Structure formats: C-alpha cells, structure tokens
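Enquirer: The following block contains the structure, expressed as structure tokens.
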Number of protein chains: 2
Amino acid sequence: MSEALTPVVKEIPPKTADLSAWYTAVCIKAQLVSYSPVRGCVVLRPYGYGLWENLQRQLDARFKATGHENAYFPLLIPESLLLKEAEHVEGFAPEVAWVTQGGSEELTERLAIRPTSEVIVGVMYAQWIESYRDLPILINQWANVLRWEKATRPFLRTMEFLWQEGHTAHASAQEAREETLRMLAVYRDFAENVAAVPVYAGEKSESERFPGAVETYSIEALMPDGKALQSATSHDLGQNFAKAYDISFTDADQQIKHAYTTSWGMSWRMLGAMIMVHGDDRGLRIPPKMAPLEAVFVPIVRTNDTRAVDVCKAEAKRLSEAGFRVRVDDRDEQPGWKYAEWDVRGVPVRIEIGPRDVDAKTAVLVRRDRAKGDPDQKRSVALDDVAAELPALLDDIQRTLYEQALAFLSGHTVRATAREEFYELCRTRAGMVDIAWCRLPACEAHVKAETSATTRNLRPLEGGETVCIACGEPARVRAYFAQSY
Amino acid sequence: MSEALTPVVKEIPPKTADLSAWYTAVCIKAQLVSYSPVRGCVVLRPYGYGLWENLQRQLDARFKATGHENAYFPLLIPESLLLKEAEHVEGFAPEVAWVTQGGSEELTERLAIRPTSEVIVGVMYAQWIESYRDLPILINQWANVLRWEKATRPFLRTMEFLWQEGHTAHASAQEAREETLRMLAVYRDFAENVAAVPVYAGEKSESERFPGAVETYSIEALMPDGKALQSATSHDLGQNFAKAYDISFTDADQQIKHAYTTSWGMSWRMLGAMIMVHGDDRGLRIPPKMAPLEAVFVPIVRTNDTRAVDVCKAEAKRLSEAGFRVRVDDRDEQPGWKYAEWDVRGVPVRIEIGPRDVDAKTAVLVRRDRAKGDPDQKRSVALDDVAAELPALLDDIQRTLYEQALAFLSGHTVRATAREEFYELCRTRAGMVDIAWCRLPACEAHVKAETSATTRNLRPLEGGETVCIACGEPARVRAYFAQSY
C-alpha cells in the first residue's frame, strides 16, 4: 500500500445540513485532494488522481474513436499574440497570471500562463494549414491551465486546474457546427454513462458564451442544493479566431478562405459534480466505472486466526489478474474502523471475509450504494462465485447511482407557467426551472438581478408556446434557469 | 486522417555529414514538432505526441508494477519555499521563470514555475507523514516543467518540457537507496527494451549530481557523433530535503526521525536519444514498441483499377481490431512519394498492395530497418498471413534496431590505458572513453578544461586497477568519459 493512509477524522457534517461543508470535508478526508501552500491551488492526491485517470482514459478513448489525436502546445503565450482576438482577450485578461522575469532577466514582453489555448493553437494552425486537403485538423490536448482566482473549492474552482481542450479546424461552417455538437454529445455520454451524472445539454445564451465564440453549448448537472453545475462546454468559434490568427486555406475552387474552428473542454470540475451528486452522509459513493478501486477486501481476524488475510490476498490476486481494481486492507485496525474509512472513500463494493467465511468458503459482498440496514446491502456468496458475480453487481451499482441522480434531476426540474411562479422558483433554488423564453438579454439580466438565477442552456420550443414566461415578450426557445456554481 | 499531412520537403541532409542539421530536419519533416512563436518552446504535434503516449503508457505500467501511484502537484511555487534547500535553490535559481502579476494585481511574493517539484512535494509530504505506518510514500507525477534556456533543440533542450518525476519517502536510508537503484533499473529496462537504446547505468560524479542530492545515478546513451546523452536520472536525496522541509515521522520506537527521500525523472529527451540513435539518411526509424503506427498500407492503383484501396482498408480494419496500430494512406499521390514520406516518418513496416496483389491475394511487406536494395527489405506474403506474420516481423525490427545500436555503443566504447591516449580519445570524441579513475574533482576539471569531455557515470573497479589513467593518483572507480549534449 504505497499511499499514506492516515486515519480519517470521523466527523463529516451531514450532507443535507450543509452541502458546502460536507463537500470540502469529504474531498479532504477521502484523500482526494490536499490544500497546498500555493494560493488557490490544491494537490491532487493519488486517490483523487485515480479518478482523473479514469476520466482521462474513458474520455480519451471517445476522442480517438471520433477521429481526434492528442498534441501538446506551449504553456506560455506572448502578450502580443493574446491581444489579437478582442473579445477573447477582454474575457480572459483579468484572469491571467503573467511571467515577467526569466532567470535574472527582465522580459521585454510579458508571457501569459495559458488560461486556455485557442490563441497558440490558432497561431500554429495558421502555419500548418495550406490547402483544403489539410482539413479537418482534429486535435485534443490534456493540459494544466491557470486562471487567477481568489476562492478555492477543490475541483469546482481552483487557480490551476487539469483539463482537456479540443481544437479543430474545418473547411465549412457546417462541419464546424457538426463537430461542436458531436463533442457535446461525447460529453453527455461520458457524464451520464461513466460518471453516472445526468445532464441537460444545450446552447448557452449570448451572455454566457465563451469569449470569441459564435455559439457555446454546455452540459449542466444539478447539485443537491438545487444549484446547477456547468460540467463541460463546446464552442463553435465560426471564423472569429481564423480571422484573428489568419488560419486560411486554398479551397478546391482555388479560392483562399478562412477556416472554421471549434474548441471544447472538460476539466476536473466534472469530478466535483460526480462527488456532490452521488455522495451521502457517510462520504463518497463513486460510480464503479470511475472508481480507482472497485472493491476492497477487509479480512476479519481473531487473535489465533489470521487465515482470512491469506484468503483475501489470494482472492484479490485472482480478481486483479481478471482485470478488477481491488485492494486488501490488512492494516492492524478494527474492521469497523476500516468499514467507515472505505465508506468515506466511496469504494463501490466491500468484501468481508471472517473466520467463519474461511471455513464455509464464502465472502460477504457489501454494496456502498445501499444504506446501512437496507436488506439488499449485504449478501453472502460462495468465494468461488465472487469473480463471476462482481461485474453484474458493479453494473447494478452504476445503474442505481445514475437512476437516483436522474430521479433527483427530474424531481427538481420544474416547469413554470406564470411570471410570479417562475421568479419564486428561481429565488428558492427549486432546481432547473424550465420556461418558454424570449432570449432577450434584458429579460435574462432582470431575472439574474432579482433572483441570482441565470440561464443554463436552451433548446427549441416544443410548439404551442407563445410568450416568454419571464417577461411576456414573444417566446423563442425553451430555457433552463437555475442558480449555479 | 485527422492531422494535416502537408507534403514533406524532400531534402534531409545526410545523417553522417551533419548530425545536427539532419536531426532538426527530421524532427520537423516527420511532423514530430513545430517551432512555436514562444521563445524556447516547441509544439509536440500529433505524431510526436504519439511517441510520448507510447513512452508514457509503457513507463507508467512499470511504475505501477513497482508500487507507485500518480498524483498532481501545483505548477507554481512561492519563492520563500524554494529558498529552504540551499544547494537546490542555487542550482535552479538561474533557470526559473517568475510570475509577478496575477490579473491586474502585483504579487507581494514571486511565484516560480516549477523547474522540478522536490520543493512542493516536500512541503506536502511533511503534512501527510506522521507515523512510520505512513511510509513509504511512492508517488509519480506526469507534468510540464520549465527551465529558462536560450537554445532550442527539439526534445534535447527546450524551455518547457514534458516529463515524469517520481518522489518517494522512506523510513530508512537503505530503503531510499534501494528505491533509487530500482528506478534506475526501470529506466534502463525501458530505454533498452522499449526505445531500443542501449545505455550505461551508473552513479554520477560529485560535480554532476542533482542539486541537493546525496547520490545521483543516470543512464547514458551514445549518439552517432560520439557524444553522450544523459537520458534519465535517479537521485538518493538522503535526509537533505526532509530536513529542509521537515518531513519527519514517529518511528516504531517512538522516536521522531527525518524521512529519507528520492526523486527520479525521464523527460521527452529520451525521444531525442531514440531519434538520433536509430535514424538514417531517409529519416526516422522508430522501434515498433514506440511507433505511433506499426504499419502503413499503401495501395497502388491504376486508372481503371482502384480495388487495392478497398483491400487495404479491409485488411487494415482487421489488423486494427486485432490490436495493431495501422493506417491506410489513400491520398491522391504517387506511391513513390508516399514511400518516401513514410520512410521519413519511420513507420516500421510498409504494406504495399497493387492490382497484381489483389488478384493473387498477396501483399508486399517492406521493412523500414533495412536499406533499399537489401534482399531482406521486401517480402511477398499471402494476404491471409499478414496478421500472423506481423508480430514476428515487428519483433525482429525491434531487435535489429537494438542490436545495431548496441554494436555502435560497444564499438565506440574504448578503454584507455595511458594518459595521452585517454586525453586524445576524449578530444577526438571517440565515444565512451572508459578508464580507471581517481574520482578527484581536480582531475575531472582538468580533463574537461583540456578536452571538454566530462564523466558520464561510474561503476566499481573490476580489480587490478591501481592508478587513475587520467592523473596517476590512486584509482577508486571505473568511469566513462565523453563529450555530451
């Protein structure tokens, strides 16, 4: 066992009483992160990095399956390059950390630590692209980025964070639009089918667009406190960046044209959504597909009978070789203490083996998704059947977590049909408040000023809606409003 | 095909005539990297990143098999923390890039972009470690680091580079030493058995130690110009960092003790070694285990016969599903032009299928490791046998590249037995010059001043040596001297 497993302090505040305190306590006590002496930055500890590796592996496979390749662009961006796309620089300048000295040398031009990489990618695409034969370019980057922030909440808001950013260039507006929607669908698939977090996918309003984008799309999850969490975005950049950075190509008709570009990103914030959505008063509940450990063995030993340790080790070895992610907790501590710790850390299945199990060649499978006392929480199975039973059990836990989260999202998505009702729902943080909307910036600003709720994302009218519920002007879209992280 | 495949400019200078010009041309023309507008930084393009992914995957598996876990530490390090280990800061201060502004705010304390992470890791280990039960901690980080450099040579010397850095803490000096040597062995195994680059592994001299280390070990490869390339290092840090950052623990005997730490790293420089060692006048020759593409299909079509394209695609699909990394080059270009391009890019096997092959259900396998005209370069096989033949062919190419490199290293490792001969061999860049050595800094400094050669690494005396070949003082070790990158 290579990572320090210092005892977890007992008290995690109840999740329903104070979500924010619960969240921070769980992140720390499950050893996902540590606060660091670097302002606004956390350390991702091995157990937290295990979550990131599972996100990375499964998202990366989806990127490759849709034809993307990875690359790596420089961390530092000269200020003069950053200034070329006006909206973009205006949006990001307040958040940039600047390098002004190298060794003992004062720099003549400041270098920005990338807050995102559209700029440097755009400059390189301009070099690489000559002909329509060079298009599309479909590149993704796994990287750290930095945005100057005051507040620090693990995963949700940190100065430096890990993410992936896709950057593509296309010969037509149509293709760029298709790519933007394709990646939105990839994010939705990942969120729902891997992280077990149901989301609404749709277009952002004008005011919520990425600086420099023509259209921004997002997936939005709903947290237990009724606030939405934007969990990934996909941007159709049109020709804005292509014009600013001169990404042009000779088309088949011999005309020189500007390319159409997109960008799209998901960060470790997705892990924050997953933690908040699934956790309970005992700690994390990690969906099996994301779990660094799918099962943990806890041997129960008596003074003169430590056979369970060997049985656990032998069975763990067998499961490991079969491709399961498992560990044996053979530390010199009481079983009850270990149960509580692995509950905090959210391991989907605990496998208890005591002296009587050794005699009977059985093991007790305990599901983390079920409450204590739930008759379905524990089940004794023959030791020989553990490997065969585990996949279905893990699938069922994955499905259960998704279904519980979906029930919460559905139960907290409210259609408002009148203005006062709408404002009241927004104010009381009822969840996703769904209305027919005018799409007017003034209306959106008024709702925000009165309730602090914002549009999360938009979708077409269903038909029959005529007026905006919020202001009475003609309805143009349906919109989810919510308070948000 | 998602990456821009703009035609490669024809001329790569002969490797033997000008290694440096050949190297740069190959890196650019094989689309491994592009120079960027950011001083000292290159862009790792998808084909180059494919090499990095293969390094990462195979090295990471070795780290995990030896009990290590990954984590992620902050990019920025406050200056006050950096100052605590005196030798370390002295060694790295001239190479640090400093952040002095965040948004519109002037910082009261400068933040260093990590040149390496011993400092921030040390600070965190001090927090995490309390008892001997928390040890060992075995953590690795995959990260970007930055060292302020003037010169830029792809992979070999760039301001920002990608690497991994392992950081471990142990309860005893013995364990730390074992870890240092274990990871040296992992690097050697990776270099020789994956990158097909034979190396000498051994201890560095005092003057070549990592700043703050008690002992530094390295693997050293030999380049075609007779210069050595340090390809990875492993450091026993003793208690130096533990004392500077107060990494202490309560031992089983209830005494509070400082831990013993190690660190070890390999960067994308290893890719530079691989490129230089194996390439030839036609371009890259990538060892199959590192190759982003193991084989490329080139269909040969006639005006009225494009059947080969479909046959290639069907066969490529079959190989892909069997786990091979393959691609079909169906661009509208002449086969000869394609052959030259894939030669530049170093794909181990080219599979040619023309109309006659379609009729005969055959394919021509062409080995990249063999010279043009070599009777073993090409072989016609039944299409049905390609999948079965490919593994042995790839293994043979992997072995051949290693054996050629080993023959070069052995042939350019020279034992000097007299002072003048030794100085002359060093001066003429004869390769690794192997002598019995005194280990005295003054002797080492004199050799360097006279010949520009330095000690690469050291190993025990074989027995029988009495005096240092370089200066006549008593011999204490055997040492490889060479000029180096």
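Letters A, B, ... go to the chains of the structure tokens in the order shown; residues in each chain start at 1; ligands are counted from 1 in the same order.
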At a cut-off of 6 Å, list the chain A residues touching chain B, using only C-alpha atoms, as a list in words.
Expert: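 Only these qualify: Ser2, Glu3, Ala4, Val43, Leu44, Arg45, Pro46, Tyr49, Glu69, Asn70, Ala71, Tyr72, Phe73, Pro94, Glu95, Val96, Ala97, Trp98, Val99, Gln101, Gly102, Gly103, Asp134, Ile137, Leu138 and Trp148 of chain A.
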Enquirer: To test your reading of the structure, identify every residue in region 236-423 of chain A that backbone DSSP assigns to alpha helix (DSSP H), and report it as a count of residues only.
Expert: 78
Enquirer: Among region 247-278 of chain A, which ones does DSSP place in strand (DSSP E), written as JSON, numbers by chain?
Expert: {"A": [248, 249, 250, 256, 257, 258, 260, 261, 262, 263, 264, 265, 266, 267]}
Enquirer: Neighbouring residues of Gly323 (chain A) were defined as those with any atom within 12 Å, considering only C-alpha atoms; residues of the same chain fewer than 5 positions away were excluded. Please report them as an mmCIF file with N, CA and C atoms, in the first residue's frame.
Expert:
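So the final result, stored in selection-v3.cif, reads:
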```
data_model
loop_
_atom_site.group_PDB
_atom_site.id
_atom_site.type_symbol
_atom_site.label_atom_id
_atom_site.label_comp_id
_atom_site.auth_asym_id
_atom_site.auth_seq_id
_atom_site.Cartn_x
_atom_site.Cartn_y
_atom_site.Cartn_z
ATOM 1 N N LEU A 293 -10.705 2.085 -7.016
ATOM 2 C CA LEU A 293 -10.845 0.724 -6.506
ATOM 3 C C LEU A 293 -12.293 0.310 -6.675
ATOM 4 N N GLU A 294 -12.522 -0.800 -7.349
ATOM 5 C CA GLU A 294 -13.895 -1.283 -7.493
ATOM 6 C C GLU A 294 -14.340 -2.027 -6.247
ATOM 7 N N ALA A 295 -13.401 -2.687 -5.606
ATOM 8 C CA ALA A 295 -13.739 -3.452 -4.394
ATOM 9 C C ALA A 295 -12.551 -3.460 -3.452
ATOM 10 N N ALA A 316 -7.945 -11.562 -3.988
ATOM 11 C CA ALA A 316 -7.636 -10.262 -4.599
ATOM 12 C C ALA A 316 -6.696 -10.448 -5.784
ATOM 13 N N LYS A 317 -5.751 -11.343 -5.635
ATOM 14 C CA LYS A 317 -4.812 -11.606 -6.719
ATOM 15 C C LYS A 317 -5.558 -12.144 -7.942
ATOM 16 N N ARG A 318 -6.480 -13.065 -7.653
ATOM 17 C CA ARG A 318 -7.266 -13.654 -8.730
ATOM 18 C C ARG A 318 -8.103 -12.582 -9.440
ATOM 19 N N ALA A 387 -15.809 -13.655 -8.441
ATOM 20 C CA ALA A 387 -15.368 -13.090 -9.718
ATOM 21 C C ALA A 387 -16.501 -13.055 -10.733
ATOM 22 N N LEU A 390 -19.245 -10.274 -9.513
ATOM 23 C CA LEU A 390 -18.850 -8.882 -9.365
ATOM 24 C C LEU A 390 -19.272 -7.975 -10.530
ATOM 25 N N PRO A 391 -19.100 -8.405 -11.793
ATOM 26 C CA PRO A 391 -19.478 -7.499 -12.886
ATOM 27 C C PRO A 391 -20.940 -7.063 -12.825
#
```
Enquirer: With a distance cut-off of 12 Å and only C-alpha atoms, select the neighbouring residues of Glu403 (chain B), excluding the residue or stretch itself and same-chain residues fewer than 3 positions from it, and output the selection as a CSV table (one decimal) with C-alpha atoms, in the first residue's frame.
Expert:
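The resulting file, part-v2.csv, is shown below:
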```csv
chain,number,residue,atom,x,y,z
B,192,GLU,CA,16.8,-0.8,-23.9
B,193,ASN,CA,13.7,-2.9,-24.3
B,196,ALA,CA,15.8,0.0,-28.2
B,197,VAL,CA,18.5,2.4,-26.9
B,198,PRO,CA,21.4,0.6,-25.1
B,277,VAL,CA,20.4,6.6,-32.4
B,278,HIS,CA,18.1,4.9,-34.9
B,287,PRO,CA,11.3,1.0,-32.8
B,369,ASP,CA,15.1,-1.0,-40.8
B,396,ASP,CA,12.7,-8.7,-35.5
B,397,ILE,CA,12.8,-5.0,-36.4
B,398,GLN,CA,12.8,-4.1,-32.7
B,399,ARG,CA,15.7,-6.5,-32.1
B,400,THR,CA,17.6,-5.4,-35.1
B,406,LEU,CA,24.4,-1.9,-29.2
B,407,ALA,CA,27.1,-2.7,-31.8
B,408,PHE,CA,27.7,1.0,-32.2
B,409,LEU,CA,27.9,1.6,-28.5
B,410,SER,CA,30.3,-1.3,-28.0
B,411,GLY,CA,32.3,-0.3,-31.0
```
Enquirer: CA of Leu458 (chain B) to CA of Ala445 (chain B): how many Å, to one decimal?
Expert: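 Separating CA of Leu458 (chain B) from CA of Ala445 (chain B) is a distance of 15.8 Å.
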Enquirer: Can you work out the spacing between CA of Lys84 (chain A) and CA of Leu184 (chain A) in Å, to one decimal?
Expert: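 Rounded to one decimal, the two atoms are 27.4 Å apart.
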Enquirer: In Å to one decimal, how far is CA of Ser218 (chain A) from CA of Lys204 (chain A)?
Expert: 6.6 Å
